[in-house]
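Engineer: Here it is: the structure, laid out below.
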2 protein chains.
Amino acid sequence: MFFSESDIEQLPKLKRVNLINSLTGFKSANLIGTVNNIGETNLSIISSVVHLGSHPPLIGYIQRPRAVARHTYENIVYRKKYTINAIRQDFIEQAHQTSARYPRNVSEFTETNISVQWLKNFEAPFVKESPIKIGLELQNIIPIPDNNTELVIGKIVQLYIPEEVLMPDGHLEIYNSGVVAIAGLDTYLKTEKIARYSYAKPGKKLTEI
Amino acid sequence: MFFSESDIEQLPKLKRVNLINSLTGFKSANLIGTVNNIGETNLSIISSVVHLGSHPPLIGYIQRPRAVARHTYENIVYRKKYTINAIRQDFIEQAHQTSARYPRNVSEFTETNISVQWLKNFEAPFVKESPIKIGLELQNIIPIPDNNTELVIGKIVQLYIPEEVLMPDGHLEIYNSGVVAIAGLDTYLKTEKIARYSYAKPGKKLTEI
C-alpha cells in the first residue's frame, strides 16, 4: 500500500498521527521523574529516549513543542536533574495514565499509584517499581527548528540496575527484566530474544553469542 | 546494583559500551538505503531512528562521529534522498552483517544477499524484503556538540506499508508484521502485544482498544 507525500498530508489528523508514530518501529518505554521549584514531583511517560553515546554516557529525548505547559521540561530546566525509569509490564496501565494532562500541583506519582523513591540524595525522584533507574544531569537543549521540538540531552550520573540481568561483558538482558516496548502512541509489548550476534566483519560469518 | 558517574567512567571500554547501549530500552531495527555519486548502493543497520513529528512527517537518526568514513552519511548529504526499511525476523542475520566495515565500492546489498528495490523513480534503494519502507528527503543536519554526533532529519515523501496491519485509525500493528526490535548493540527480539490503551485523561479510567 503506497502513500505519497500529499497522501500523508491529506490524511485526517488523528489517522496521520497514529500512522506516522507507528512507522519508526519499536520504542523504549520510560517514565521521566522530576521535581519543581517548590518541591512538587512530576512523572511523565516518554517513548522518544535515544542513546547518544557511551563516553561520556549521554541520553537524549525529543521534547514536543512547548505551546502548552510542559511541566517535565520546566522542572528539568530549573533543577538540571531528572530520572529515566524503565516501565515494567506490571505497571503499564499506570504508566500510560501519566500522559493525562494534570494540573501543575498534582503529582502523577500520587494519581497513578506509582511509588516515589529518593536515592542517594539525588535531586529528582526515581520510580521505585522500575528495574532500571537512571539519574541524569542536564547537559544541553538543542532546538530542532524544523518542527519546534528540542533534543534534551542528559549525562548519566547515577545508575541502578538488576544484577541478575547484567552479563559479564556489560550487556543487559533487559528482555528478561519485565521491561516493555511501545508501538505507535499507545500499544505496549513484551519481547522475547531471538538471537545475539557477534561483531560483524567483512567476509566473516556471524556467530551467536 | 549501583553505578556512580565515576564507576561508569572506570569501566573497561567494551563493558561500558555494552552497558550504556543497553540502558535506553528497546530500539527500532532499520536499514538505511543510499546511493553514492557514481551510483553504487549502500545499506546500513541503524537502531537510533526516532520519531520527531507527524506534521510535517519527520524522522531523525543519530549519526555517530565522522572520524572514520561514513558512507551512508556521505551519500545522504550528496543525494538528499535515503530510505528507512524495517527489519523483519527472517533477515536479521543479514541485516546485522551490514554493520561490517566494507570498502566504499562494495555494496552491503550484494554482500549480505538483501535485495535492492527501486520504486517509483525514488533516488535511493529500498529493501525488497522489508514490510515497511520509507522514502525520505533530507531536511536538516543538526550538530550535537556534546559528543560530536549529529541529528539527521528527513521528511517522509514515500511510504510503503502492508495493508493487512493498518487499522482504520491509522495505527499500524507492526508487531503482526514480523518486524523485530533491538536491545543493546546486537540482540534481536520478537514482540507480542500486551495491550493498547485509550487516550489518557485526568480522573478517567483507561480502556483497552
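Just remember, in the C-alpha cells the first chain shown is A, the second B, etc., residues are 1-based per chain, and ligands are 1-based in the order shown.
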Give the superposed chain B as a JSON list (two decimals) with C-alpha atoms, in the first residue's frame, the fit being least squares on chain A over all ordered C-alpha pairs.

Structural biologist:
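Saved the output as superposed-v9.json:
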[["chain", "number", "residue", "atom", "x", "y", "z"],
["B", 1, "MET", "CA", -0.03, 0.01, -0.01],
["B", 2, "PHE", "CA", 1.52, 3.30, -1.14],
["B", 3, "PHE", "CA", 1.30, 6.80, 0.34],
["B", 4, "SER", "CA", 2.82, 9.82, -1.36],
["B", 5, "GLU", "CA", 3.79, 13.01, 0.45],
["B", 6, "SER", "CA", 0.41, 14.54, -0.42],
["B", 7, "ASP", "CA", -1.49, 11.37, 0.54],
["B", 8, "ILE", "CA", 0.05, 11.72, 4.02],
["B", 9, "GLU", "CA", -0.67, 15.47, 4.12],
["B", 10, "GLN", "CA", -4.34, 14.84, 3.30],
["B", 11, "LEU", "CA", -4.97, 12.22, 5.99],
["B", 12, "PRO", "CA", -7.30, 13.24, 8.84],
["B", 13, "LYS", "CA", -5.17, 14.47, 11.75],
["B", 14, "LEU", "CA", -5.64, 11.54, 14.14],
["B", 15, "LYS", "CA", -5.04, 8.98, 11.40],
["B", 16, "ARG", "CA", -1.86, 10.77, 10.35],
["B", 17, "VAL", "CA", -0.64, 10.99, 13.95],
["B", 18, "ASN", "CA", -1.23, 7.27, 14.54],
["B", 19, "LEU", "CA", 0.34, 6.23, 11.25],
["B", 20, "ILE", "CA", 3.47, 8.37, 11.45],
["B", 21, "ASN", "CA", 4.00, 7.42, 15.10],
["B", 22, "SER", "CA", 3.82, 3.75, 14.09],
["B", 23, "LEU", "CA", 6.42, 3.90, 11.33],
["B", 24, "THR", "CA", 9.62, 4.19, 13.29],
["B", 25, "GLY", "CA", 9.28, 0.75, 14.85],
["B", 26, "PHE", "CA", 9.50, -0.35, 18.45],
["B", 27, "LYS", "CA", 10.30, 2.28, 21.04],
["B", 28, "SER", "CA", 11.56, 2.29, 24.59],
["B", 29, "ALA", "CA", 9.02, 2.79, 27.36],
["B", 30, "ASN", "CA", 10.24, 5.10, 30.11],
["B", 31, "LEU", "CA", 9.00, 7.44, 32.80],
["B", 32, "ILE", "CA", 10.76, 10.75, 33.46],
["B", 33, "GLY", "CA", 10.76, 11.85, 37.08],
["B", 34, "THR", "CA", 11.28, 15.49, 38.05],
["B", 35, "VAL", "CA", 10.56, 17.95, 40.85],
["B", 36, "ASN", "CA", 9.55, 21.61, 40.50],
["B", 37, "ASN", "CA", 10.74, 24.79, 42.20],
["B", 38, "ILE", "CA", 8.53, 24.20, 45.26],
["B", 39, "GLY", "CA", 9.27, 20.49, 45.65],
["B", 40, "GLU", "CA", 6.25, 19.01, 43.87],
["B", 41, "THR", "CA", 7.04, 15.83, 41.94],
["B", 42, "ASN", "CA", 6.11, 15.12, 38.34],
["B", 43, "LEU", "CA", 6.12, 11.92, 36.31],
["B", 44, "SER", "CA", 5.71, 11.64, 32.56],
["B", 45, "ILE", "CA", 5.77, 8.76, 30.08],
["B", 46, "ILE", "CA", 8.11, 9.08, 27.12],
["B", 47, "SER", "CA", 8.87, 6.92, 24.09],
["B", 48, "SER", "CA", 11.49, 9.07, 22.34],
["B", 49, "VAL", "CA", 14.51, 8.29, 24.52],
["B", 50, "VAL", "CA", 17.58, 7.77, 22.33],
["B", 51, "HIS", "CA", 21.14, 6.64, 23.06],
["B", 52, "LEU", "CA", 23.61, 9.36, 22.05],
["B", 53, "GLY", "CA", 26.93, 7.94, 23.17],
["B", 54, "SER", "CA", 28.63, 6.00, 25.90],
["B", 55, "HIS", "CA", 31.72, 8.12, 26.60],
["B", 56, "PRO", "CA", 30.52, 10.40, 28.08],
["B", 57, "PRO", "CA", 27.30, 8.45, 28.75],
["B", 58, "LEU", "CA", 24.65, 10.66, 27.11],
["B", 59, "ILE", "CA", 20.94, 10.07, 26.62],
["B", 60, "GLY", "CA", 18.57, 12.28, 24.64],
["B", 61, "TYR", "CA", 14.83, 12.64, 24.31],
["B", 62, "ILE", "CA", 12.65, 14.70, 21.99],
["B", 63, "GLN", "CA", 10.72, 17.48, 23.70],
["B", 64, "ARG", "CA", 7.47, 18.21, 21.87],
["B", 65, "PRO", "CA", 6.62, 21.85, 21.04],
["B", 66, "ARG", "CA", 6.13, 23.95, 24.15],
["B", 67, "ALA", "CA", 2.97, 25.72, 23.00],
["B", 68, "VAL", "CA", 1.21, 24.15, 26.01],
["B", 69, "ALA", "CA", 2.63, 23.82, 29.53],
["B", 70, "ARG", "CA", 5.33, 21.16, 29.79],
["B", 71, "HIS", "CA", 5.92, 20.52, 33.46],
["B", 72, "THR", "CA", 8.66, 17.94, 32.95],
["B", 73, "TYR", "CA", 10.65, 20.26, 30.72],
["B", 74, "GLU", "CA", 10.25, 23.23, 33.06],
["B", 75, "ASN", "CA", 11.41, 21.13, 36.01],
["B", 76, "ILE", "CA", 14.44, 19.83, 34.12],
["B", 77, "VAL", "CA", 15.47, 23.35, 33.14],
["B", 78, "TYR", "CA", 14.99, 24.58, 36.72],
["B", 79, "ARG", "CA", 16.60, 21.70, 38.62],
["B", 80, "LYS", "CA", 19.08, 20.37, 35.99],
["B", 81, "LYS", "CA", 18.39, 16.87, 37.36],
["B", 82, "TYR", "CA", 15.90, 14.24, 36.22],
["B", 83, "THR", "CA", 15.44, 10.49, 36.18],
["B", 84, "ILE", "CA", 14.62, 7.99, 33.45],
["B", 85, "ASN", "CA", 12.93, 4.80, 34.69],
["B", 86, "ALA", "CA", 12.12, 1.76, 32.55],
["B", 87, "ILE", "CA", 8.48, 0.65, 32.52],
["B", 88, "ARG", "CA", 7.82, -2.92, 33.60],
["B", 89, "GLN", "CA", 4.84, -4.96, 32.44],
["B", 90, "ASP", "CA", 3.11, -4.91, 35.84],
["B", 91, "PHE", "CA", 2.56, -1.12, 35.78],
["B", 92, "ILE", "CA", 1.94, -0.26, 32.11],
["B", 93, "GLU", "CA", -1.60, 0.94, 32.73],
["B", 94, "GLN", "CA", -0.44, 3.29, 35.50],
["B", 95, "ALA", "CA", 2.45, 4.47, 33.33],
["B", 96, "HIS", "CA", 0.10, 5.21, 30.41],
["B", 97, "GLN", "CA", -2.15, 7.23, 32.72],
["B", 98, "THR", "CA", 0.74, 9.66, 33.44],
["B", 99, "SER", "CA", 0.19, 11.04, 29.91],
["B", 100, "ALA", "CA", -3.06, 12.68, 31.06],
["B", 101, "ARG", "CA", -2.81, 16.45, 31.41],
["B", 102, "TYR", "CA", -2.85, 17.00, 35.16],
["B", 103, "PRO", "CA", -2.54, 20.46, 36.74],
["B", 104, "ARG", "CA", 0.94, 21.54, 37.80],
["B", 105, "ASN", "CA", 0.32, 20.98, 41.51],
["B", 106, "VAL", "CA", -0.94, 17.41, 41.03],
["B", 107, "SER", "CA", 1.70, 14.68, 41.10],
["B", 108, "GLU", "CA", 1.31, 11.85, 38.62],
["B", 109, "PHE", "CA", 3.02, 9.64, 41.21],
["B", 110, "THR", "CA", 0.05, 10.11, 43.55],
["B", 111, "GLU", "CA", -2.64, 10.02, 40.86],
["B", 112, "THR", "CA", -1.39, 6.77, 39.31],
["B", 113, "ASN", "CA", -0.18, 5.00, 42.46],
["B", 114, "ILE", "CA", 3.40, 4.80, 41.27],
["B", 115, "SER", "CA", 5.86, 4.95, 44.19],
["B", 116, "VAL", "CA", 8.31, 7.84, 44.59],
["B", 117, "GLN", "CA", 11.82, 6.77, 45.56],
["B", 118, "TRP", "CA", 14.55, 9.19, 46.64],
["B", 119, "LEU", "CA", 18.01, 7.65, 46.30],
["B", 120, "LYS", "CA", 21.46, 8.79, 47.45],
["B", 121, "ASN", "CA", 20.45, 12.45, 47.77],
["B", 122, "PHE", "CA", 19.74, 12.68, 44.05],
["B", 123, "GLU", "CA", 17.62, 15.80, 43.43],
["B", 124, "ALA", "CA", 14.95, 14.09, 41.32],
["B", 125, "PRO", "CA", 12.54, 11.27, 42.18],
["B", 126, "PHE", "CA", 13.00, 7.71, 40.91],
["B", 127, "VAL", "CA", 10.23, 5.18, 40.26],
["B", 128, "LYS", "CA", 10.50, 2.54, 42.96],
["B", 129, "GLU", "CA", 8.86, -0.18, 40.84],
["B", 130, "SER", "CA", 11.24, 0.33, 37.91],
["B", 131, "PRO", "CA", 14.01, -2.26, 37.35],
["B", 132, "ILE", "CA", 16.30, 0.22, 35.52],
["B", 133, "LYS", "CA", 16.66, 3.68, 37.04],
["B", 134, "ILE", "CA", 18.92, 6.36, 35.59],
["B", 135, "GLY", "CA", 19.79, 9.67, 37.26],
["B", 136, "LEU", "CA", 20.68, 12.36, 34.74],
["B", 137, "GLU", "CA", 22.21, 15.82, 34.80],
["B", 138, "LEU", "CA", 21.06, 18.21, 32.08],
["B", 139, "GLN", "CA", 23.85, 18.84, 29.55],
["B", 140, "ASN", "CA", 22.28, 20.68, 26.67],
["B", 141, "ILE", "CA", 19.00, 21.53, 24.94],
["B", 142, "ILE", "CA", 19.26, 21.71, 21.18],
["B", 143, "PRO", "CA", 16.44, 23.38, 19.23],
["B", 144, "ILE", "CA", 15.07, 21.49, 16.20],
["B", 145, "PRO", "CA", 13.76, 24.38, 14.09],
["B", 146, "ASP", "CA", 12.10, 22.10, 11.53],
["B", 147, "ASN", "CA", 9.12, 21.50, 13.83],
["B", 148, "ASN", "CA", 9.80, 23.43, 17.04],
["B", 149, "THR", "CA", 10.81, 20.36, 19.01],
["B", 150, "GLU", "CA", 14.01, 20.11, 21.06],
["B", 151, "LEU", "CA", 16.60, 17.48, 21.79],
["B", 152, "VAL", "CA", 17.12, 17.39, 25.56],
["B", 153, "ILE", "CA", 20.48, 15.84, 26.47],
["B", 154, "GLY", "CA", 21.45, 14.45, 29.84],
["B", 155, "LYS", "CA", 24.56, 12.78, 31.24],
["B", 156, "ILE", "CA", 24.15, 9.64, 33.33],
["B", 157, "VAL", "CA", 25.37, 10.35, 36.85],
["B", 158, "GLN", "CA", 23.58, 7.57, 38.75],
["B", 159, "LEU", "CA", 22.50, 4.13, 37.61],
["B", 160, "TYR", "CA", 20.55, 1.35, 39.33],
["B", 161, "ILE", "CA", 20.15, -2.00, 37.52],
["B", 162, "PRO", "CA", 19.19, -5.56, 38.46],
["B", 163, "GLU", "CA", 22.40, -7.54, 38.82],
["B", 164, "GLU", "CA", 20.79, -10.77, 37.58],
["B", 165, "VAL", "CA", 20.41, -9.44, 34.00],
["B", 166, "LEU", "CA", 23.91, -7.91, 33.76],
["B", 167, "MET", "CA", 26.22, -10.05, 31.60],
["B", 168, "PRO", "CA", 30.00, -10.13, 32.20],
["B", 169, "ASP", "CA", 30.56, -8.05, 29.03],
["B", 170, "GLY", "CA", 28.21, -5.28, 30.21],
["B", 171, "HIS", "CA", 25.22, -6.26, 28.05],
["B", 172, "LEU", "CA", 21.93, -6.04, 29.98],
["B", 173, "GLU", "CA", 19.33, -8.68, 29.21],
["B", 174, "ILE", "CA", 16.52, -6.18, 29.65],
["B", 175, "TYR", "CA", 14.19, -8.62, 27.89],
["B", 176, "ASN", "CA", 14.50, -10.78, 31.01],
["B", 177, "SER", "CA", 13.63, -7.98, 33.42],
["B", 178, "GLY", "CA", 9.96, -7.45, 32.52],
["B", 179, "VAL", "CA", 10.64, -4.16, 30.69],
["B", 180, "VAL", "CA", 8.18, -3.44, 27.87],
["B", 181, "ALA", "CA", 8.38, -1.77, 24.45],
["B", 182, "ILE", "CA", 5.94, 0.67, 22.83],
["B", 183, "ALA", "CA", 4.49, 0.62, 19.31],
["B", 184, "GLY", "CA", 2.75, 3.68, 17.93],
["B", 185, "LEU", "CA", 1.28, 6.01, 20.52],
["B", 186, "ASP", "CA", -0.38, 3.66, 22.93],
["B", 187, "THR", "CA", 0.46, -0.03, 22.49],
["B", 188, "TYR", "CA", 2.60, -1.96, 24.96],
["B", 189, "LEU", "CA", 4.52, -5.11, 24.11],
["B", 190, "LYS", "CA", 6.52, -7.83, 25.74],
["B", 191, "THR", "CA", 9.63, -9.08, 23.99],
["B", 192, "GLU", "CA", 11.49, -12.33, 23.55],
["B", 193, "LYS", "CA", 15.10, -12.80, 22.48],
["B", 194, "ILE", "CA", 15.64, -14.32, 19.04],
["B", 195, "ALA", "CA", 19.44, -14.07, 18.81],
["B", 196, "ARG", "CA", 22.50, -12.12, 19.87],
["B", 197, "TYR", "CA", 25.18, -11.85, 17.18],
["B", 198, "SER", "CA", 28.93, -11.32, 17.25],
["B", 199, "TYR", "CA", 30.62, -8.13, 15.98],
["B", 200, "ALA", "CA", 30.32, -8.13, 12.18],
["B", 201, "LYS", "CA", 33.39, -8.11, 9.95],
["B", 202, "PRO", "CA", 33.61, -8.34, 6.13],
["B", 203, "GLY", "CA", 33.88, -11.94, 4.91],
["B", 204, "LYS", "CA", 33.44, -13.42, 8.40],
["B", 205, "LYS", "CA", 30.42, -15.49, 9.34],
["B", 206, "LEU", "CA", 28.45, -14.21, 12.34],
["B", 207, "THR", "CA", 28.20, -16.40, 15.40],
["B", 208, "GLU", "CA", 25.54, -16.37, 18.06],
["B", 209, "ILE", "CA", 26.73, -15.20, 21.45]]

Engineer: When DSSP works through the backbone of this structure, what residues of chain B end up as alpha helix (DSSP H), shown as a ChimeraX atom specification?

Structural biologist: /B:5-9,13-23,71-79,92-97,108-112

Engineer: Mind the document's chain letters and residue numbers, and return as number ranges by chain the residues of range 48-196 of chain B that DSSP labels strand (DSSP E).

Structural biologist: B: 50-54, 57-63, 81-86, 116-117, 126-127, 133-144, 149-160, 181-183, 187-196
